[in-house]
>>> print(open('protein.cif').read())   # mmCIF, N, CA and C atoms
data_protein
loop_
_atom_site.label_atom_id
_atom_site.label_comp_id
_atom_site.auth_asym_id
_atom_site.auth_seq_id
_atom_site.Cartn_x
_atom_site.Cartn_y
_atom_site.Cartn_z
N MET E 129 -117.17 -59.47 -180.71
CA MET E 129 -116.11 -60.39 -180.50
C MET E 129 -115.69 -60.50 -179.05
N ASN E 130 -116.06 -59.61 -178.35
CA ASN E 130 -115.75 -59.62 -176.96
C ASN E 130 -116.33 -60.85 -176.25
N LEU E 131 -117.54 -61.18 -176.56
CA LEU E 131 -118.18 -62.35 -175.95
C LEU E 131 -117.51 -63.64 -176.42
N ILE E 132 -117.17 -63.68 -177.68
CA ILE E 132 -116.50 -64.87 -178.21
C ILE E 132 -115.12 -64.99 -177.57
N PHE E 133 -114.46 -63.89 -177.38
CA PHE E 133 -113.15 -63.93 -176.76
C PHE E 133 -113.25 -64.43 -175.32
N VAL E 134 -114.26 -64.00 -174.58
CA VAL E 134 -114.45 -64.43 -173.19
C VAL E 134 -114.76 -65.92 -173.16
N LEU E 135 -115.63 -66.37 -174.05
CA LEU E 135 -115.97 -67.80 -174.10
C LEU E 135 -114.74 -68.62 -174.51
N TYR E 136 -113.95 -68.05 -175.40
CA TYR E 136 -112.74 -68.74 -175.83
C TYR E 136 -111.75 -68.87 -174.67
N VAL E 137 -111.63 -67.86 -173.85
CA VAL E 137 -110.74 -67.89 -172.68
C VAL E 137 -111.28 -68.90 -171.67
N ILE E 138 -112.59 -68.90 -171.45
CA ILE E 138 -113.20 -69.85 -170.50
C ILE E 138 -112.96 -71.28 -170.99
N LEU E 139 -113.08 -71.47 -172.30
CA LEU E 139 -112.86 -72.79 -172.87
C LEU E 139 -111.41 -73.21 -172.69
N LEU E 140 -110.49 -72.30 -172.90
CA LEU E 140 -109.07 -72.63 -172.72
C LEU E 140 -108.73 -72.89 -171.26
N VAL E 141 -109.29 -72.15 -170.35
CA VAL E 141 -109.06 -72.36 -168.92
C VAL E 141 -109.64 -73.71 -168.51
N SER E 142 -110.84 -74.00 -169.00
CA SER E 142 -111.47 -75.30 -168.67
C SER E 142 -110.63 -76.44 -169.21
N ALA E 143 -110.14 -76.33 -170.44
CA ALA E 143 -109.31 -77.37 -171.02
C ALA E 143 -108.02 -77.52 -170.23
N SER E 144 -107.45 -76.41 -169.78
CA SER E 144 -106.22 -76.47 -168.98
C SER E 144 -106.48 -77.16 -167.65
N VAL E 145 -107.60 -76.83 -167.00
CA VAL E 145 -107.96 -77.46 -165.72
C VAL E 145 -108.18 -78.96 -165.92
N LEU E 146 -108.84 -79.31 -167.03
CA LEU E 146 -109.07 -80.73 -167.31
C LEU E 146 -107.75 -81.46 -167.57
N CYS E 147 -106.84 -80.80 -168.26
CA CYS E 147 -105.53 -81.43 -168.51
C CYS E 147 -104.77 -81.62 -167.20
N ILE E 148 -104.80 -80.60 -166.34
CA ILE E 148 -104.12 -80.72 -165.04
C ILE E 148 -104.76 -81.83 -164.22
N ALA E 149 -106.10 -81.89 -164.20
CA ALA E 149 -106.80 -82.94 -163.46
C ALA E 149 -106.44 -84.31 -164.02
N LEU E 150 -106.37 -84.38 -165.36
CA LEU E 150 -106.02 -85.65 -166.00
C LEU E 150 -104.61 -86.08 -165.60
N VAL E 151 -103.67 -85.14 -165.55
CA VAL E 151 -102.29 -85.46 -165.15
C VAL E 151 -102.27 -85.93 -163.70
N VAL E 152 -103.01 -85.24 -162.82
CA VAL E 152 -103.05 -85.62 -161.40
C VAL E 152 -103.65 -87.02 -161.25
N PHE E 153 -104.77 -87.28 -161.90
CA PHE E 153 -105.42 -88.59 -161.77
C PHE E 153 -104.58 -89.70 -162.40
N LEU E 154 -103.93 -89.40 -163.52
CA LEU E 154 -103.04 -90.40 -164.13
C LEU E 154 -101.87 -90.71 -163.20
N GLY E 155 -101.35 -89.70 -162.49
CA GLY E 155 -100.28 -89.92 -161.50
C GLY E 155 -100.75 -90.82 -160.38
N ARG E 156 -101.97 -90.56 -159.89
CA ARG E 156 -102.53 -91.40 -158.82
C ARG E 156 -102.74 -92.84 -159.31
N ILE E 157 -103.25 -92.96 -160.52
CA ILE E 157 -103.50 -94.30 -161.07
C ILE E 157 -102.18 -95.05 -161.24
N SER E 158 -101.15 -94.35 -161.77
CA SER E 158 -99.87 -95.03 -161.97
C SER E 158 -99.25 -95.40 -160.62
N LYS E 159 -99.42 -94.57 -159.59
CA LYS E 159 -98.92 -94.88 -158.25
C LYS E 159 -99.63 -96.12 -157.71
N THR E 160 -100.94 -96.19 -157.90
CA THR E 160 -101.71 -97.35 -157.44
C THR E 160 -101.29 -98.62 -158.18
N VAL E 161 -101.05 -98.47 -159.48
CA VAL E 161 -100.61 -99.64 -160.27
C VAL E 161 -99.25 -100.11 -159.79
N ARG E 162 -98.34 -99.19 -159.48
CA ARG E 162 -97.02 -99.57 -158.95
C ARG E 162 -97.15 -100.29 -157.61
N GLU E 163 -98.03 -99.80 -156.74
CA GLU E 163 -98.25 -100.44 -155.44
C GLU E 163 -98.81 -101.86 -155.62
N ILE E 164 -99.74 -101.99 -156.55
CA ILE E 164 -100.31 -103.32 -156.82
C ILE E 164 -99.23 -104.25 -157.37
N GLU E 165 -98.38 -103.72 -158.25
CA GLU E 165 -97.29 -104.52 -158.81
C GLU E 165 -96.34 -104.99 -157.71
N ILE E 166 -96.01 -104.11 -156.77
CA ILE E 166 -95.14 -104.47 -155.66
C ILE E 166 -95.79 -105.54 -154.79
N GLU E 167 -97.07 -105.38 -154.50
CA GLU E 167 -97.78 -106.37 -153.69
C GLU E 167 -97.85 -107.72 -154.39
N ILE E 168 -98.04 -107.70 -155.70
CA ILE E 168 -98.09 -108.96 -156.45
C ILE E 168 -96.72 -109.65 -156.43
N LYS E 169 -95.64 -108.87 -156.55
CA LYS E 169 -94.29 -109.44 -156.46
C LYS E 169 -94.06 -110.05 -155.10
N ASP E 170 -94.45 -109.32 -154.03
CA ASP E 170 -94.31 -109.86 -152.68
C ASP E 170 -95.12 -111.14 -152.50
N LEU E 171 -96.33 -111.11 -153.01
CA LEU E 171 -97.19 -112.29 -152.92
C LEU E 171 -96.59 -113.46 -153.67
N THR E 172 -96.01 -113.18 -154.83
CA THR E 172 -95.37 -114.23 -155.62
C THR E 172 -94.19 -114.83 -154.87
N LEU E 173 -93.40 -113.97 -154.24
CA LEU E 173 -92.27 -114.47 -153.47
C LEU E 173 -92.73 -115.32 -152.28
N GLU E 174 -93.84 -114.95 -151.68
CA GLU E 174 -94.36 -115.72 -150.55
C GLU E 174 -95.05 -117.01 -151.01
N MET E 175 -95.58 -117.02 -152.22
CA MET E 175 -96.29 -118.19 -152.72
C MET E 175 -95.35 -119.31 -153.14
N LYS E 176 -94.14 -118.95 -153.60
CA LYS E 176 -93.20 -119.98 -154.07
C LYS E 176 -92.88 -121.00 -152.99
N PRO E 177 -92.54 -120.61 -151.75
CA PRO E 177 -92.30 -121.62 -150.71
C PRO E 177 -93.58 -122.42 -150.38
N LEU E 178 -94.71 -121.74 -150.42
CA LEU E 178 -95.96 -122.43 -150.15
C LEU E 178 -96.25 -123.49 -151.21
N ILE E 179 -96.00 -123.16 -152.45
CA ILE E 179 -96.21 -124.12 -153.54
C ILE E 179 -95.23 -125.29 -153.40
N ALA E 180 -93.98 -124.98 -153.06
CA ALA E 180 -92.97 -126.05 -152.87
C ALA E 180 -93.38 -126.95 -151.71
N SER E 181 -93.86 -126.35 -150.64
CA SER E 181 -94.29 -127.13 -149.48
C SER E 181 -95.50 -128.00 -149.84
N ALA E 182 -96.44 -127.44 -150.58
CA ALA E 182 -97.61 -128.22 -150.99
C ALA E 182 -97.21 -129.37 -151.91
N THR E 183 -96.22 -129.14 -152.77
CA THR E 183 -95.74 -130.20 -153.65
C THR E 183 -95.09 -131.32 -152.84
N ASN E 184 -94.25 -130.95 -151.87
CA ASN E 184 -93.64 -131.95 -150.99
C ASN E 184 -94.69 -132.73 -150.22
N LEU E 185 -95.68 -132.02 -149.71
CA LEU E 185 -96.76 -132.67 -148.96
C LEU E 185 -97.50 -133.65 -149.86
N SER E 186 -97.75 -133.25 -151.08
CA SER E 186 -98.44 -134.12 -152.03
C SER E 186 -97.62 -135.38 -152.32
N LYS E 187 -96.31 -135.21 -152.51
CA LYS E 187 -95.45 -136.37 -152.75
C LYS E 187 -95.45 -137.31 -151.56
N LYS E 188 -95.34 -136.75 -150.36
CA LYS E 188 -95.33 -137.58 -149.15
C LYS E 188 -96.66 -138.30 -148.96
N LEU E 189 -97.76 -137.62 -149.25
CA LEU E 189 -99.07 -138.26 -149.15
C LEU E 189 -99.20 -139.39 -150.17
N ASN E 190 -98.66 -139.20 -151.37
CA ASN E 190 -98.68 -140.26 -152.37
C ASN E 190 -97.86 -141.46 -151.90
N GLN E 191 -96.68 -141.20 -151.33
CA GLN E 191 -95.85 -142.29 -150.80
C GLN E 191 -96.56 -143.01 -149.66
N LEU E 192 -97.19 -142.24 -148.79
CA LEU E 192 -97.92 -142.83 -147.67
C LEU E 192 -99.08 -143.68 -148.17
N SER E 193 -99.77 -143.19 -149.17
CA SER E 193 -100.89 -143.93 -149.75
C SER E 193 -100.40 -145.23 -150.39
N GLU E 194 -99.29 -145.17 -151.12
CA GLU E 194 -98.74 -146.38 -151.73
C GLU E 194 -98.30 -147.37 -150.67
N SER E 195 -97.68 -146.87 -149.60
CA SER E 195 -97.25 -147.74 -148.51
C SER E 195 -98.45 -148.40 -147.83
N ALA E 196 -99.50 -147.62 -147.62
CA ALA E 196 -100.72 -148.18 -147.02
C ALA E 196 -101.33 -149.24 -147.94
N ASP E 197 -101.33 -148.98 -149.25
CA ASP E 197 -101.85 -149.97 -150.20
C ASP E 197 -101.02 -151.24 -150.14
N ASN E 198 -99.70 -151.11 -150.09
CA ASN E 198 -98.84 -152.29 -150.00
C ASN E 198 -99.09 -153.07 -148.72
N GLN E 199 -99.21 -152.36 -147.61
CA GLN E 199 -99.49 -153.03 -146.33
C GLN E 199 -100.84 -153.71 -146.36
N LEU E 200 -101.81 -153.08 -147.00
CA LEU E 200 -103.14 -153.68 -147.11
C LEU E 200 -103.09 -154.95 -147.95
N MET E 201 -102.31 -154.92 -149.02
CA MET E 201 -102.18 -156.12 -149.85
C MET E 201 -101.51 -157.25 -149.07
N VAL E 202 -100.47 -156.92 -148.30
CA VAL E 202 -99.79 -157.93 -147.48
C VAL E 202 -100.76 -158.49 -146.45
N THR E 203 -101.54 -157.63 -145.83
CA THR E 203 -102.51 -158.08 -144.83
C THR E 203 -103.55 -158.98 -145.47
N ARG E 204 -104.02 -158.62 -146.67
CA ARG E 204 -105.00 -159.46 -147.36
C ARG E 204 -104.40 -160.82 -147.68
N ASN E 205 -103.15 -160.85 -148.11
CA ASN E 205 -102.49 -162.13 -148.39
C ASN E 205 -102.38 -162.99 -147.14
N ILE E 206 -102.01 -162.37 -146.03
CA ILE E 206 -101.88 -163.10 -144.77
C ILE E 206 -103.24 -163.65 -144.35
N VAL E 207 -104.27 -162.81 -144.42
CA VAL E 207 -105.62 -163.26 -144.03
C VAL E 207 -106.07 -164.39 -144.95
N SER E 208 -105.77 -164.29 -146.23
CA SER E 208 -106.14 -165.34 -147.18
C SER E 208 -105.43 -166.65 -146.84
N LYS E 209 -104.13 -166.56 -146.52
CA LYS E 209 -103.38 -167.76 -146.16
C LYS E 209 -103.92 -168.38 -144.88
N VAL E 210 -104.21 -167.53 -143.87
CA VAL E 210 -104.77 -168.05 -142.61
C VAL E 210 -106.12 -168.69 -142.87
N ASN E 211 -106.92 -168.06 -143.71
CA ASN E 211 -108.24 -168.60 -144.05
C ASN E 211 -108.09 -169.97 -144.72
N ASN E 212 -107.14 -170.09 -145.64
CA ASN E 212 -106.91 -171.37 -146.31
C ASN E 212 -106.45 -172.43 -145.32
N ARG E 213 -105.57 -172.06 -144.40
CA ARG E 213 -105.09 -173.02 -143.39
C ARG E 213 -106.24 -173.47 -142.49
N VAL E 214 -107.06 -172.52 -142.07
CA VAL E 214 -108.20 -172.88 -141.21
C VAL E 214 -109.16 -173.80 -141.97
N ASP E 215 -109.41 -173.50 -143.25
CA ASP E 215 -110.27 -174.38 -144.05
C ASP E 215 -109.67 -175.77 -144.15
N THR E 216 -108.35 -175.85 -144.36
CA THR E 216 -107.68 -177.15 -144.44
C THR E 216 -107.81 -177.92 -143.13
N ILE E 217 -107.61 -177.22 -142.02
CA ILE E 217 -107.73 -177.88 -140.70
C ILE E 217 -109.17 -178.34 -140.47
N LEU E 218 -110.15 -177.51 -140.83
CA LEU E 218 -111.55 -177.91 -140.65
C LEU E 218 -111.90 -179.09 -141.55
N ASP E 219 -111.38 -179.11 -142.78
CA ASP E 219 -111.61 -180.26 -143.66
C ASP E 219 -110.98 -181.52 -143.08
N LEU E 220 -109.76 -181.40 -142.56
CA LEU E 220 -109.10 -182.54 -141.94
C LEU E 220 -109.90 -183.05 -140.74
N GLU E 221 -110.40 -182.13 -139.93
CA GLU E 221 -111.20 -182.52 -138.77
C GLU E 221 -112.46 -183.25 -139.21
N GLU E 222 -113.10 -182.74 -140.25
CA GLU E 222 -114.32 -183.38 -140.75
C GLU E 222 -114.01 -184.78 -141.30
N ARG E 223 -112.89 -184.91 -142.03
CA ARG E 223 -112.51 -186.23 -142.53
C ARG E 223 -112.21 -187.20 -141.40
N ILE E 224 -111.55 -186.69 -140.37
CA ILE E 224 -111.24 -187.55 -139.21
C ILE E 224 -112.53 -188.00 -138.55
N ARG E 225 -113.46 -187.08 -138.38
CA ARG E 225 -114.74 -187.45 -137.75
C ARG E 225 -115.48 -188.48 -138.59
N ARG E 226 -115.51 -188.26 -139.92
CA ARG E 226 -116.18 -189.23 -140.79
C ARG E 226 -115.43 -190.55 -140.80
N GLY E 227 -114.11 -190.50 -140.78
CA GLY E 227 -113.30 -191.72 -140.85
C GLY E 227 -113.42 -192.54 -139.59
N PHE E 228 -113.44 -191.88 -138.45
CA PHE E 228 -113.55 -192.62 -137.18
C PHE E 228 -114.99 -192.89 -136.79
N GLY E 229 -115.90 -192.14 -137.33
CA GLY E 229 -117.31 -192.27 -136.93
C GLY E 229 -117.84 -193.68 -137.17
N GLY E 230 -117.66 -194.21 -138.38
CA GLY E 230 -118.18 -195.54 -138.71
C GLY E 230 -117.49 -196.64 -137.93
N PRO E 231 -116.16 -196.77 -137.98
CA PRO E 231 -115.49 -197.85 -137.27
C PRO E 231 -115.65 -197.76 -135.75
N VAL E 232 -115.56 -196.55 -135.22
CA VAL E 232 -115.71 -196.40 -133.77
C VAL E 232 -117.11 -196.77 -133.35
N LEU E 233 -118.10 -196.33 -134.14
CA LEU E 233 -119.49 -196.67 -133.82
C LEU E 233 -119.69 -198.18 -133.86
N ASN E 234 -119.13 -198.84 -134.87
CA ASN E 234 -119.22 -200.31 -134.94
C ASN E 234 -118.52 -200.96 -133.76
N PHE E 235 -117.35 -200.43 -133.36
CA PHE E 235 -116.64 -200.97 -132.21
C PHE E 235 -117.45 -200.81 -130.94
N VAL E 236 -118.05 -199.63 -130.76
CA VAL E 236 -118.86 -199.39 -129.56
C VAL E 236 -120.07 -200.30 -129.54
N LYS E 237 -120.70 -200.50 -130.68
CA LYS E 237 -121.86 -201.40 -130.75
C LYS E 237 -121.43 -202.83 -130.42
N GLY E 238 -120.29 -203.24 -131.00
CA GLY E 238 -119.79 -204.60 -130.72
C GLY E 238 -119.42 -204.76 -129.26
N PHE E 239 -118.73 -203.74 -128.70
CA PHE E 239 -118.36 -203.81 -127.30
C PHE E 239 -119.59 -203.81 -126.41
N SER E 240 -120.60 -203.05 -126.77
CA SER E 240 -121.85 -203.02 -126.01
C SER E 240 -122.55 -204.37 -126.07
N ALA E 241 -122.52 -205.00 -127.25
CA ALA E 241 -123.14 -206.32 -127.38
C ALA E 241 -122.40 -207.34 -126.54
N VAL E 242 -121.05 -207.28 -126.54
CA VAL E 242 -120.27 -208.21 -125.72
C VAL E 242 -120.55 -207.96 -124.25
N ALA E 243 -120.63 -206.67 -123.86
CA ALA E 243 -120.92 -206.34 -122.45
C ALA E 243 -122.29 -206.86 -122.07
N ASN E 244 -123.29 -206.71 -122.93
CA ASN E 244 -124.63 -207.24 -122.64
C ASN E 244 -124.59 -208.77 -122.54
N GLY E 245 -123.83 -209.39 -123.45
CA GLY E 245 -123.72 -210.87 -123.40
C GLY E 245 -123.07 -211.33 -122.12
N VAL E 246 -122.00 -210.66 -121.69
CA VAL E 246 -121.32 -211.03 -120.43
C VAL E 246 -122.25 -210.78 -119.27
N SER E 247 -122.98 -209.71 -119.31
CA SER E 247 -123.89 -209.39 -118.21
C SER E 247 -125.00 -210.44 -118.12
N ILE E 248 -125.54 -210.83 -119.25
CA ILE E 248 -126.59 -211.88 -119.24
C ILE E 248 -125.99 -213.20 -118.76
N PHE E 249 -124.76 -213.52 -119.24
CA PHE E 249 -124.11 -214.76 -118.79
C PHE E 249 -123.93 -214.77 -117.29
N TRP E 250 -123.44 -213.68 -116.70
CA TRP E 250 -123.26 -213.62 -115.25
C TRP E 250 -124.59 -213.68 -114.53
N GLY E 251 -125.60 -213.08 -115.16
CA GLY E 251 -126.93 -213.15 -114.55
C GLY E 251 -127.41 -214.60 -114.46
N PHE E 252 -127.24 -215.38 -115.53
CA PHE E 252 -127.63 -216.79 -115.52
C PHE E 252 -126.73 -217.61 -114.62
N TYR E 253 -125.46 -217.31 -114.61
CA TYR E 253 -124.50 -218.05 -113.82
C TYR E 253 -124.77 -217.88 -112.33
N ARG E 254 -125.19 -216.75 -111.89
CA ARG E 254 -125.48 -216.48 -110.48
C ARG E 254 -126.76 -217.18 -110.07
N ARG E 255 -127.67 -217.27 -110.96
CA ARG E 255 -128.93 -217.91 -110.61
C ARG E 255 -128.72 -219.39 -110.37
N LYS E 256 -127.80 -219.96 -110.96
CA LYS E 256 -127.61 -221.40 -110.80
C LYS E 256 -126.77 -221.67 -109.67
#
>>> encode(input="protein.cif", output="structure tokens")
Amino acid sequence: MNLIFVLYVILLVSASVLCIALVVFLGRISKTVREIEIEIKDLTLEMKPLIASATNLSKKLNQLSESADNQLMVTRNIVSKVNNRVDTILDLEERIRRGFGGPVLNFVKGFSAVANGVSIFWGFYRRK
């Protein structure tokens, strides 16, 4: 029994050492968990203003985008109106050219014929 008693004592000492080691390691683990918890709380406190700032930035960017869209629509309307006015002016110019083209051309031909007739008359009149 002496050997069994020695082995029994060694087993009890080993179990005691393991229990002490387990308590020490559990203490270290709980300390690390507390430190992580504190860091997460600090990070959370620092993230709240960042999230609020990002939300404000997002709202302002949305407003800016809407304003740019509105300005773009106004610009498109203005360009469309100017384009319509230019088309109207060009159509009017074309109608004026077509309207005056025929009568003016006839007038010029008639005036040219009268000028040729007067020139021929003076040519004959001088010869005599």
>>> atom_distance(input="protein.cif", atom1="atom N of Phe133 (chain E)", atom2="atom N of Ala149 (chain E)")
23.8 Å
>>> atom_distance(input="protein.cif", atom1="atom C of Ile206 (chain E)", atom2="atom N of Leu218 (chain E)")
15.9 Å
>>> atom_distance(input="protein.cif", atom1="CA of Ala182 (chain E)", atom2="CA of Leu200 (chain E)")
26.3 Å
>>> axis_aligned_box(input="protein.cif", around="region 237-249 of chain E", padding_each_side="6 Å", output="JSON")
{"center_x": -122.5, "center_y": -207.6, "center_z": -124.1, "size_x": 20.2, "size_y": 26.3, "size_z": 25.7}
